[in-house]
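Peer 1: Before I ask anything, here is the structure I am working with.
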Amino acid sequence: MGPGVGTLSPPAASRGEIETLVETLSHELDEIAATFADTVHEHLPELEEDMRPWTLQAARSNLGVIVTMMREGDDPASVLPPPEAIGYTKEYVVRGLELSLMQRAYRTAQGVFGGIILERLRAATDDAERLAEAMAFFNAWIFAYVEAIERRLTDVYMSEHEQWARGAAAVRAAEVRALLGGAGAVDAAAVSLRLGYELDRFHVGFVVWSEDGGERPGDAGGLFAQMERTAAAVARSLGAGAPLTVAEGRHLACWAGRRDEPKLTRLHLPRTGARGLSVAAGTPAPGVEGFVSSHREALLARRVAQLRGGTAGAVAAYPDVALEALLTEDPEAARRFAVAELGPLAAADDTTARLTTTVTVFLEEGSSFVRAGRRLGIHANTVAYRVRRAESLLGRPVTERQLELRVALRLARLLD
């Protein structure tokens with residue numbers, strides 16, 4: 001063996017035992033690698049059986065590097081992952097396995113290797129002191145090796161995961177846009193497979209958004225990740241599994257699916273983790289058509305919520321705002337209609353706002369001064385005074401053209 005590096009140089013007294021063991025290990029690489037693979041798959045049931053060849057190849061390549069570096073006296077911290085270990089790492093990404101699972105696999109193999117080394121050393125020497133020295137050297141060396149290779153493979157995993165996620169997101173976005181664009185017949189089963197989301201069920205289309213941040217959800221720090229977490233929580237509130245999500249401009253387009261029709265009344269934002277975010281949802285509907293229609297309604301509900309202002313933390317469901325959504329399809333035309341109907345009552349000052357609020361409640365309560373006063377918390381005479389004042393500004397009784405007046409009042413609050 002070479003001179004070694006730093007504190008990981010083999011002790012002089014036990015150098016012979018260490019060199020002998022390294023040579024012994026070099027003849028047992030295939031056997032030890034098989035033991036590693038068997039133990040890893042026995043202790044980590046998350047790994048599918050068809051991944052065993054990948055585990056075996058990674059184990060064999062790492063063992064080869066270890067023996068070579070020990071023989072040459074190289075610093076274990078300088079290790080470069082062999083191609084088989086890099087391929088093993090990428091396989092975790094492709095299969096959607098967590099990085100922590102791969103780290104557990106390496107630590108499991110490390111434990112097995114320590115036991116094998118101890119067994120071989122005991123067979124090579126009866127000197128307790130030399131045995132302890134050699135075992136301490138091997139433990140420190142292998143620990144440094146595993147620490148270094150885990151660090152480098154973590155970089156590989158994160159880089160590969162980012163590329164994979166971007167590619168998967170691009171595929172999802174293209175598939176979703178094709179569905180929403182309605183171009184040609186849809187093979188629901190094939191599209192479901194590509195999306196990883198089943199189309200043959202009921203869907204609630206919803207959008208999560210923030211009025212803060214840049215043009216894309218990921219611009220403002222962790223905003224995109226926050227939207228994703230919020231979307232998952234919203235889907236759970238509907239009794240659905242993981243949602244389908246696609247980033248679109250400053251909002252996240254989402255779909256939650258169930259076999260039976262979800263209850264939109266159950267939809268809510270999580271109590272924590274959704275600060276500054278809002279959600280708008282469409283009507284639950286089945287199949288591909290429902291996937292499209294519920295999403296379009298969600299966008300309309302979002303528009304109404306934004307027109308109302310103060311949308312942070314808002315929860316808008318299309319059935320509750322369908323009339324406003326219909327009336328504001330052309331906001332400028334809606335605004336002209338409201339101004340023409342209300343005349344001076346279209347003013348935005350506080351005094352006029354009190355008059356329009358009173359008239360709105362008065363009409364909703366069947367033109368009853370008493371019920372309107374009870375609801376507003378004021379005297380019936382005050383209601384009567386305000387209604388008469390509004391009528392003088394309108395130039396007609398509020399009971400004339402009542403439908404048009406009520407619609408105009410609703411639009412005025414929305415478009416102000």
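By order of appearance in the structure tokens: chains A, B, ..., then residues from 1 within every chain, and ligands from 1 in the order shown.
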Mind checking which residues fall within 9 Å of Arg60 of chain A, counting only C-alpha atoms, ignoring those fewer than 6 positions away in the same chain, and posting them as a compact mmCIF listing (two decimals) with C-alpha atoms, in the first residue's frame?
Peer 2:
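Saved as out_6.txt:
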```
# COMPACT_ATOMS: atom_id res chain seq x y z
CA LEU A 29 -15.67 -8.61 -4.82
CA ASP A 30 -18.44 -10.48 -6.64
CA ILE A 32 -19.45 -9.39 -1.28
CA ALA A 33 -21.39 -7.34 -3.85
CA ALA A 34 -24.06 -10.07 -3.98
CA PHE A 36 -24.69 -6.21 -0.29
CA GLU A 84 -22.45 2.26 -12.34
```
Peer 1: Residues at most 8 Å from segment 397-404 of chain A, counting only C-alpha atoms, excluding those fewer than 3 positions away in the same chain, as a CSV table (one decimal) with N, CA and C atoms, in the first residue's frame?
Peer 2:
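Wrote selection_30.csv, looks like this:
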```
chain,number,residue,atom,x,y,z
A,341,GLU,N,-77.4,52.9,-15.7
A,341,GLU,CA,-78.6,52.6,-14.9
A,341,GLU,C,-78.6,53.4,-13.6
A,359,VAL,N,-80.1,50.5,-0.5
A,359,VAL,CA,-81.1,50.1,-1.6
A,359,VAL,C,-81.0,48.6,-1.9
A,363,LEU,N,-84.1,46.1,-1.4
A,363,LEU,CA,-84.7,45.3,-2.5
A,363,LEU,C,-84.6,43.8,-2.2
A,387,VAL,N,-83.5,55.5,1.1
A,387,VAL,CA,-84.2,55.0,-0.1
A,387,VAL,C,-84.7,56.2,-0.9
A,390,ALA,N,-82.0,58.1,-2.5
A,390,ALA,CA,-81.5,57.4,-3.7
A,390,ALA,C,-82.4,57.6,-4.9
A,391,GLU,N,-83.7,57.5,-4.6
A,391,GLU,CA,-84.7,57.7,-5.6
A,391,GLU,C,-84.6,59.1,-6.2
A,394,LEU,N,-81.8,58.9,-8.6
A,394,LEU,CA,-82.1,58.1,-9.7
A,394,LEU,C,-83.1,58.8,-10.7
A,407,VAL,N,-79.1,44.5,-10.8
A,407,VAL,CA,-77.9,44.0,-11.6
A,407,VAL,C,-76.8,45.1,-11.6
A,408,ALA,N,-77.3,46.3,-11.8
A,408,ALA,CA,-76.3,47.5,-11.9
A,408,ALA,C,-75.7,47.7,-10.5
```
Peer 1: Return the single residue from A:Val234, A:Val65, A:Leu345, A:Ala185 that is closest to Leu409 of chain A, with distances computed using only C-alpha atoms.
Peer 2: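 With only C-alpha atoms as the atom set, the closest residue is A:Leu345.
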Peer 1: Within 12 Å of segment 40-48 of chain A, which residues of segment 85-164 of chain A come that close, and what is the closest atom pair and distance in Å for each? Count only C-alpha atoms and give it as a tab-separated table.
Peer 2:
```
residue	atom	partner	partner_atom	distance
A:Tyr88	CA	A:Leu47	CA	12.0
A:Glu91	CA	A:Leu47	CA	11.0
A:Tyr92	CA	A:Leu47	CA	9.3
A:Arg95	CA	A:Leu47	CA	9.6
A:Gly96	CA	A:Leu47	CA	10.9
A:Leu97	CA	A:Glu46	CA	8.4
A:Glu98	CA	A:Glu46	CA	10.0
A:Ser100	CA	A:Leu44	CA	11.4
A:Leu101	CA	A:Leu44	CA	8.0
A:Met102	CA	A:Leu47	CA	9.6
A:Gln103	CA	A:Val40	CA	11.0
A:Arg104	CA	A:Leu44	CA	8.1
A:Ala105	CA	A:Val40	CA	5.7
A:Tyr106	CA	A:Val40	CA	8.3
A:Arg107	CA	A:Val40	CA	9.2
A:Thr108	CA	A:Val40	CA	6.2
A:Ala109	CA	A:Val40	CA	6.6
A:Gln110	CA	A:Val40	CA	10.2
A:Gly111	CA	A:Val40	CA	10.4
A:Val112	CA	A:Val40	CA	9.3
A:Phe113	CA	A:Val40	CA	11.8
```
Peer 1: Next, the residues of the selection above should be written as a PDB file, in the first residue's frame with C-alpha atoms.
Peer 2:
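To be explicit, this is the file written out as part_28.pdb:
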```pdb
ATOM      1  CA  TYR A  88     -27.912   3.639  -9.938  1.00  0.00           C
ATOM      2  CA  GLU A  91     -32.512   5.064 -11.607  1.00  0.00           C
ATOM      3  CA  TYR A  92     -33.821   6.305  -8.246  1.00  0.00           C
ATOM      4  CA  ARG A  95     -38.514   5.514 -10.432  1.00  0.00           C
ATOM      5  CA  GLY A  96     -39.573   8.427  -8.238  1.00  0.00           C
ATOM      6  CA  LEU A  97     -37.593   7.126  -5.234  1.00  0.00           C
ATOM      7  CA  GLU A  98     -36.451   9.521  -2.535  1.00  0.00           C
ATOM      8  CA  SER A 100     -33.020   9.367   1.527  1.00  0.00           C
ATOM      9  CA  LEU A 101     -33.786   5.826   0.357  1.00  0.00           C
ATOM     10  CA  MET A 102     -30.552   5.680  -1.641  1.00  0.00           C
ATOM     11  CA  GLN A 103     -28.668   7.011   1.371  1.00  0.00           C
ATOM     12  CA  ARG A 104     -30.183   4.229   3.483  1.00  0.00           C
ATOM     13  CA  ALA A 105     -29.037   1.701   0.878  1.00  0.00           C
ATOM     14  CA  TYR A 106     -25.443   2.942   1.157  1.00  0.00           C
ATOM     15  CA  ARG A 107     -25.554   2.955   4.957  1.00  0.00           C
ATOM     16  CA  THR A 108     -26.969  -0.571   4.985  1.00  0.00           C
ATOM     17  CA  ALA A 109     -24.141  -1.766   2.739  1.00  0.00           C
ATOM     18  CA  GLN A 110     -21.635   0.067   4.931  1.00  0.00           C
ATOM     19  CA  GLY A 111     -22.866  -1.837   7.987  1.00  0.00           C
ATOM     20  CA  VAL A 112     -22.598  -5.172   6.177  1.00  0.00           C
ATOM     21  CA  PHE A 113     -19.094  -4.316   4.954  1.00  0.00           C
TER      22      PHE A 113
END
```
Peer 1: For Val321 of chain A, which residue out of A:Arg410, A:His295, A:Thr352, A:Ser237 is the nearest one, using only C-alpha atoms?
Peer 2: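 Closest residue, counting only C-alpha atoms: A:Arg410.
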Peer 1: With a distance cut-off of 12 Å and only C-alpha atoms, select the neighbouring residues of Arg151 of chain A, excluding the residue or stretch itself and same-chain residues fewer than 5 positions from it, and output the selection as JSON, numbers by chain.
Peer 2: {"A": [77, 78, 79, 80, 81, 89, 99, 102, 103, 106, 144, 145, 146, 156, 157, 158]}
Peer 1: Emit the selected residues as a PDB file, in the first residue's frame, including C-alpha atoms.
Peer 2:
```pdb
ATOM      1  CA  ALA A  77     -12.550  11.856   0.338  1.00  0.00           C
ATOM      2  CA  SER A  78     -11.200  12.237  -3.211  1.00  0.00           C
ATOM      3  CA  VAL A  79     -13.399   9.463  -4.610  1.00  0.00           C
ATOM      4  CA  LEU A  80     -15.189  10.032  -7.912  1.00  0.00           C
ATOM      5  CA  PRO A  81     -18.366   7.948  -8.286  1.00  0.00           C
ATOM      6  CA  THR A  89     -28.571   7.154  -8.643  1.00  0.00           C
ATOM      7  CA  LEU A  99     -32.809  10.475  -2.098  1.00  0.00           C
ATOM      8  CA  MET A 102     -30.552   5.680  -1.641  1.00  0.00           C
ATOM      9  CA  GLN A 103     -28.668   7.011   1.371  1.00  0.00           C
ATOM     10  CA  TYR A 106     -25.443   2.942   1.157  1.00  0.00           C
ATOM     11  CA  ALA A 144     -15.002   8.842   4.879  1.00  0.00           C
ATOM     12  CA  TYR A 145     -15.559   7.056   1.566  1.00  0.00           C
ATOM     13  CA  VAL A 146     -19.318   6.699   2.018  1.00  0.00           C
ATOM     14  CA  VAL A 156     -26.069  13.883  -9.278  1.00  0.00           C
ATOM     15  CA  TYR A 157     -29.511  13.077  -7.871  1.00  0.00           C
ATOM     16  CA  MET A 158     -30.543  16.715  -7.464  1.00  0.00           C
TER      17      MET A 158
END
```
Peer 1: Looking at A:Leu411, A:Gln226, A:Val171, A:Ala85, which one is nearest to Ala333 of chain A, with distances taken over only C-alpha atoms?
Peer 2: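 Smallest separation from Ala333 of chain A among the options: A:Leu411.
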Peer 1: Taking only segment 141-210 of chain A into account, list the residues labelled strand (DSSP E) by DSSP (computed from the backbone), as JSON, numbers by chain.
Peer 2: {"A": [202, 203, 204, 205, 206, 207, 208, 209, 210]}
Peer 1: Take the residues from that selection and write them out as a PDB file, in the first residue's frame, keeping N, CA and C atoms.
Peer 2:
```pdb
ATOM      1  N   PHE A 202     -64.689  12.189 -12.045  1.00  0.00           N
ATOM      2  CA  PHE A 202     -65.130  13.566 -11.810  1.00  0.00           C
ATOM      3  C   PHE A 202     -63.915  14.444 -11.509  1.00  0.00           C
ATOM      4  N   HIS A 203     -63.978  15.667 -12.020  1.00  0.00           N
ATOM      5  CA  HIS A 203     -62.864  16.603 -11.822  1.00  0.00           C
ATOM      6  C   HIS A 203     -63.363  17.906 -11.214  1.00  0.00           C
ATOM      7  N   VAL A 204     -62.533  18.449 -10.336  1.00  0.00           N
ATOM      8  CA  VAL A 204     -62.697  19.839  -9.910  1.00  0.00           C
ATOM      9  C   VAL A 204     -61.468  20.579 -10.412  1.00  0.00           C
ATOM     10  N   GLY A 205     -61.690  21.465 -11.379  1.00  0.00           N
ATOM     11  CA  GLY A 205     -60.606  22.320 -11.823  1.00  0.00           C
ATOM     12  C   GLY A 205     -60.501  23.492 -10.866  1.00  0.00           C
ATOM     13  N   PHE A 206     -59.297  23.803 -10.418  1.00  0.00           N
ATOM     14  CA  PHE A 206     -59.136  24.974  -9.558  1.00  0.00           C
ATOM     15  C   PHE A 206     -57.792  25.631  -9.842  1.00  0.00           C
ATOM     16  N   VAL A 207     -57.689  26.888  -9.492  1.00  0.00           N
ATOM     17  CA  VAL A 207     -56.444  27.622  -9.682  1.00  0.00           C
ATOM     18  C   VAL A 207     -56.008  28.197  -8.339  1.00  0.00           C
ATOM     19  N   VAL A 208     -54.713  28.165  -8.121  1.00  0.00           N
ATOM     20  CA  VAL A 208     -54.110  28.781  -6.937  1.00  0.00           C
ATOM     21  C   VAL A 208     -53.241  29.923  -7.439  1.00  0.00           C
ATOM     22  N   TRP A 209     -53.365  31.081  -6.820  1.00  0.00           N
ATOM     23  CA  TRP A 209     -52.585  32.216  -7.315  1.00  0.00           C
ATOM     24  C   TRP A 209     -52.242  33.179  -6.185  1.00  0.00           C
ATOM     25  N   SER A 210     -51.337  34.070  -6.510  1.00  0.00           N
ATOM     26  CA  SER A 210     -50.944  35.146  -5.607  1.00  0.00           C
ATOM     27  C   SER A 210     -50.873  36.426  -6.409  1.00  0.00           C
TER      28      SER A 210
END
```
Peer 1: My list of candidates is A:Asn139, A:Ser392, A:Arg386, A:Arg374. Which is closest to Thr357 of chain A when distances are computed with only C-alpha atoms?
Peer 2: A:Arg386
Peer 1: Using only C-alpha atoms, determine which residues lie at most 8 Å from Ser26 of chain A, disregarding the query and same-chain residues fewer than 3 positions distant; provide the list as a VMD selection string.
Peer 2: chain A and resid 22 to 23 29 64 67
Peer 1: I want to know what sits within 12 Å of Tyr385 of chain A, based on only C-alpha atoms, with residues of the same chain fewer than 6 positions away left out; could you give that as an mmCIF file with N, CA and C atoms, in the first residue's frame?
Peer 2:
```cif
data_model
loop_
_atom_site.group_PDB
_atom_site.id
_atom_site.type_symbol
_atom_site.label_atom_id
_atom_site.label_comp_id
_atom_site.auth_asym_id
_atom_site.auth_seq_id
_atom_site.Cartn_x
_atom_site.Cartn_y
_atom_site.Cartn_z
ATOM 1 N N ARG A 354 -73.177 54.226 1.054
ATOM 2 C CA ARG A 354 -74.193 53.879 2.059
ATOM 3 C C ARG A 354 -75.585 53.807 1.440
ATOM 4 N N LEU A 355 -75.847 54.717 0.509
ATOM 5 C CA LEU A 355 -77.155 54.711 -0.152
ATOM 6 C C LEU A 355 -77.337 53.441 -0.984
ATOM 7 N N THR A 358 -77.843 50.368 1.154
ATOM 8 C CA THR A 358 -79.186 50.351 1.738
ATOM 9 C C THR A 358 -80.228 49.942 0.702
ATOM 10 N N VAL A 359 -80.130 50.486 -0.510
ATOM 11 C CA VAL A 359 -81.073 50.137 -1.570
ATOM 12 C C VAL A 359 -80.964 48.649 -1.912
ATOM 13 N N PHE A 362 -82.595 46.707 0.844
ATOM 14 C CA PHE A 362 -84.031 46.997 0.808
ATOM 15 C C PHE A 362 -84.726 46.152 -0.263
ATOM 16 N N PHE A 369 -88.891 48.145 4.762
ATOM 17 C CA PHE A 369 -88.031 49.033 5.543
ATOM 18 C C PHE A 369 -87.616 48.372 6.853
ATOM 19 N N GLY A 373 -83.860 47.423 7.775
ATOM 20 C CA GLY A 373 -83.253 48.075 8.933
ATOM 21 C C GLY A 373 -82.684 47.065 9.915
ATOM 22 N N ILE A 378 -79.875 49.392 11.537
ATOM 23 C CA ILE A 378 -80.275 50.798 11.651
ATOM 24 C C ILE A 378 -81.800 50.860 11.757
ATOM 25 N N HIS A 379 -82.335 52.040 12.077
ATOM 26 C CA HIS A 379 -83.784 52.200 12.232
ATOM 27 C C HIS A 379 -84.459 52.169 10.866
ATOM 28 N N GLU A 391 -83.729 57.537 -4.583
ATOM 29 C CA GLU A 391 -84.737 57.716 -5.643
ATOM 30 C C GLU A 391 -84.636 59.113 -6.248
ATOM 31 N N SER A 392 -84.321 60.102 -5.407
ATOM 32 C CA SER A 392 -84.200 61.457 -5.942
ATOM 33 C C SER A 392 -82.991 61.560 -6.880
#
```
Peer 1: Please report as JSON lines every residue of segment 313-407 of chain A lying within 12 Å of segment 274-289 of chain A, along with the nearest atom pair and their distance in Å (one decimal), using only C-alpha atoms.
Peer 2:
```
{"residue": "A:Gly313", "atom": "CA", "partner": "A:Ser278", "partner_atom": "CA", "distance": 4.6}
{"residue": "A:Ala314", "atom": "CA", "partner": "A:Ser278", "partner_atom": "CA", "distance": 4.8}
{"residue": "A:Val315", "atom": "CA", "partner": "A:Val279", "partner_atom": "CA", "distance": 5.0}
{"residue": "A:Ala316", "atom": "CA", "partner": "A:Ala280", "partner_atom": "CA", "distance": 4.5}
{"residue": "A:Ala317", "atom": "CA", "partner": "A:Ala281", "partner_atom": "CA", "distance": 4.9}
{"residue": "A:Tyr318", "atom": "CA", "partner": "A:Gly282", "partner_atom": "CA", "distance": 5.1}
{"residue": "A:Pro319", "atom": "CA", "partner": "A:Thr283", "partner_atom": "CA", "distance": 6.7}
{"residue": "A:Asp320", "atom": "CA", "partner": "A:Thr283", "partner_atom": "CA", "distance": 10.0}
{"residue": "A:Val321", "atom": "CA", "partner": "A:Gly282", "partner_atom": "CA", "distance": 10.2}
{"residue": "A:Ala322", "atom": "CA", "partner": "A:Gly282", "partner_atom": "CA", "distance": 9.8}
{"residue": "A:Ala325", "atom": "CA", "partner": "A:Gly282", "partner_atom": "CA", "distance": 11.6}
```
Peer 1: Identify, on the basis of only C-alpha atoms, every residue whose closest approach to Leu307 of chain A does not exceed 12 Å; exclude the query and any residue fewer than 4 positions from it along the same chain; express the result as a PDB file with N, CA and C atoms, in the first residue's frame.
Peer 2:
```pdb
ATOM      1  N   LEU A 300     -62.864  31.808 -14.586  1.00  0.00           N
ATOM      2  CA  LEU A 300     -63.891  32.851 -14.472  1.00  0.00           C
ATOM      3  C   LEU A 300     -64.100  33.243 -13.016  1.00  0.00           C
ATOM      4  N   ALA A 301     -64.116  32.253 -12.115  1.00  0.00           N
ATOM      5  CA  ALA A 301     -64.277  32.544 -10.693  1.00  0.00           C
ATOM      6  C   ALA A 301     -63.095  33.351 -10.168  1.00  0.00           C
ATOM      7  N   ARG A 302     -61.930  33.043 -10.681  1.00  0.00           N
ATOM      8  CA  ARG A 302     -60.748  33.812 -10.284  1.00  0.00           C
ATOM      9  C   ARG A 302     -60.877  35.269 -10.729  1.00  0.00           C
ATOM     10  N   ARG A 303     -61.366  35.481 -11.949  1.00  0.00           N
ATOM     11  CA  ARG A 303     -61.530  36.839 -12.444  1.00  0.00           C
ATOM     12  C   ARG A 303     -62.482  37.638 -11.561  1.00  0.00           C
ATOM     13  N   THR A 311     -57.865  39.942  -2.701  1.00  0.00           N
ATOM     14  CA  THR A 311     -58.050  38.520  -2.959  1.00  0.00           C
ATOM     15  C   THR A 311     -57.166  37.598  -2.133  1.00  0.00           C
ATOM     16  N   ALA A 314     -58.597  34.467  -0.541  1.00  0.00           N
ATOM     17  CA  ALA A 314     -59.963  34.300  -1.045  1.00  0.00           C
ATOM     18  C   ALA A 314     -60.198  32.865  -1.495  1.00  0.00           C
ATOM     19  N   ALA A 316     -63.040  31.212  -3.976  1.00  0.00           N
ATOM     20  CA  ALA A 316     -64.171  31.503  -4.856  1.00  0.00           C
ATOM     21  C   ALA A 316     -64.589  30.230  -5.589  1.00  0.00           C
ATOM     22  N   VAL A 321     -70.505  32.522  -7.928  1.00  0.00           N
ATOM     23  CA  VAL A 321     -70.216  33.782  -8.626  1.00  0.00           C
ATOM     24  C   VAL A 321     -70.567  33.694 -10.105  1.00  0.00           C
ATOM     25  N   GLU A 324     -72.029  36.942 -11.642  1.00  0.00           N
ATOM     26  CA  GLU A 324     -71.015  37.972 -11.833  1.00  0.00           C
ATOM     27  C   GLU A 324     -70.082  37.609 -12.988  1.00  0.00           C
ATOM     28  N   ALA A 325     -69.746  36.336 -13.076  1.00  0.00           N
ATOM     29  CA  ALA A 325     -68.859  35.894 -14.152  1.00  0.00           C
ATOM     30  C   ALA A 325     -69.495  36.146 -15.514  1.00  0.00           C
ATOM     31  N   THR A 328     -69.702  39.999 -16.272  1.00  0.00           N
ATOM     32  CA  THR A 328     -68.434  40.700 -16.475  1.00  0.00           C
ATOM     33  C   THR A 328     -67.598  40.078 -17.590  1.00  0.00           C
ATOM     34  N   GLU A 329     -68.231  39.321 -18.464  1.00  0.00           N
ATOM     35  CA  GLU A 329     -67.509  38.761 -19.609  1.00  0.00           C
ATOM     36  C   GLU A 329     -66.852  39.886 -20.411  1.00  0.00           C
ATOM     37  N   PRO A 331     -66.004  43.488 -19.272  1.00  0.00           N
ATOM     38  CA  PRO A 331     -66.022  44.426 -18.138  1.00  0.00           C
ATOM     39  C   PRO A 331     -66.379  45.856 -18.525  1.00  0.00           C
ATOM     40  N   ARG A 335     -69.500  47.932 -17.132  1.00  0.00           N
ATOM     41  CA  ARG A 335     -69.330  49.197 -16.420  1.00  0.00           C
ATOM     42  C   ARG A 335     -70.215  50.282 -17.036  1.00  0.00           C
ATOM     43  N   ARG A 410     -75.064  45.419  -8.282  1.00  0.00           N
ATOM     44  CA  ARG A 410     -74.124  44.304  -8.108  1.00  0.00           C
ATOM     45  C   ARG A 410     -72.845  44.542  -8.905  1.00  0.00           C
ATOM     46  N   LEU A 411     -73.025  45.019 -10.133  1.00  0.00           N
ATOM     47  CA  LEU A 411     -71.873  45.288 -10.984  1.00  0.00           C
ATOM     48  C   LEU A 411     -71.041  46.450 -10.442  1.00  0.00           C
ATOM     49  N   ALA A 412     -71.704  47.462  -9.903  1.00  0.00           N
ATOM     50  CA  ALA A 412     -70.988  48.632  -9.396  1.00  0.00           C
ATOM     51  C   ALA A 412     -70.042  48.231  -8.265  1.00  0.00           C
ATOM     52  N   ARG A 413     -70.485  47.338  -7.383  1.00  0.00           N
ATOM     53  CA  ARG A 413     -69.612  46.879  -6.288  1.00  0.00           C
ATOM     54  C   ARG A 413     -68.433  46.079  -6.830  1.00  0.00           C
ATOM     55  N   LEU A 414     -68.715  45.330  -7.891  1.00  0.00           N
ATOM     56  CA  LEU A 414     -67.696  44.448  -8.446  1.00  0.00           C
ATOM     57  C   LEU A 414     -66.662  45.209  -9.272  1.00  0.00           C
ATOM     58  N   LEU A 415     -67.118  46.224 -10.028  1.00  0.00           N
ATOM     59  CA  LEU A 415     -66.244  46.904 -10.986  1.00  0.00           C
ATOM     60  C   LEU A 415     -65.666  48.198 -10.467  1.00  0.00           C
ATOM     61  N   ASP A 416     -65.989  48.551  -9.219  1.00  0.00           N
ATOM     62  CA  ASP A 416     -65.528  49.815  -8.681  1.00  0.00           C
ATOM     63  C   ASP A 416     -63.997  49.857  -8.675  1.00  0.00           C
TER      64      ASP A 416
END
```
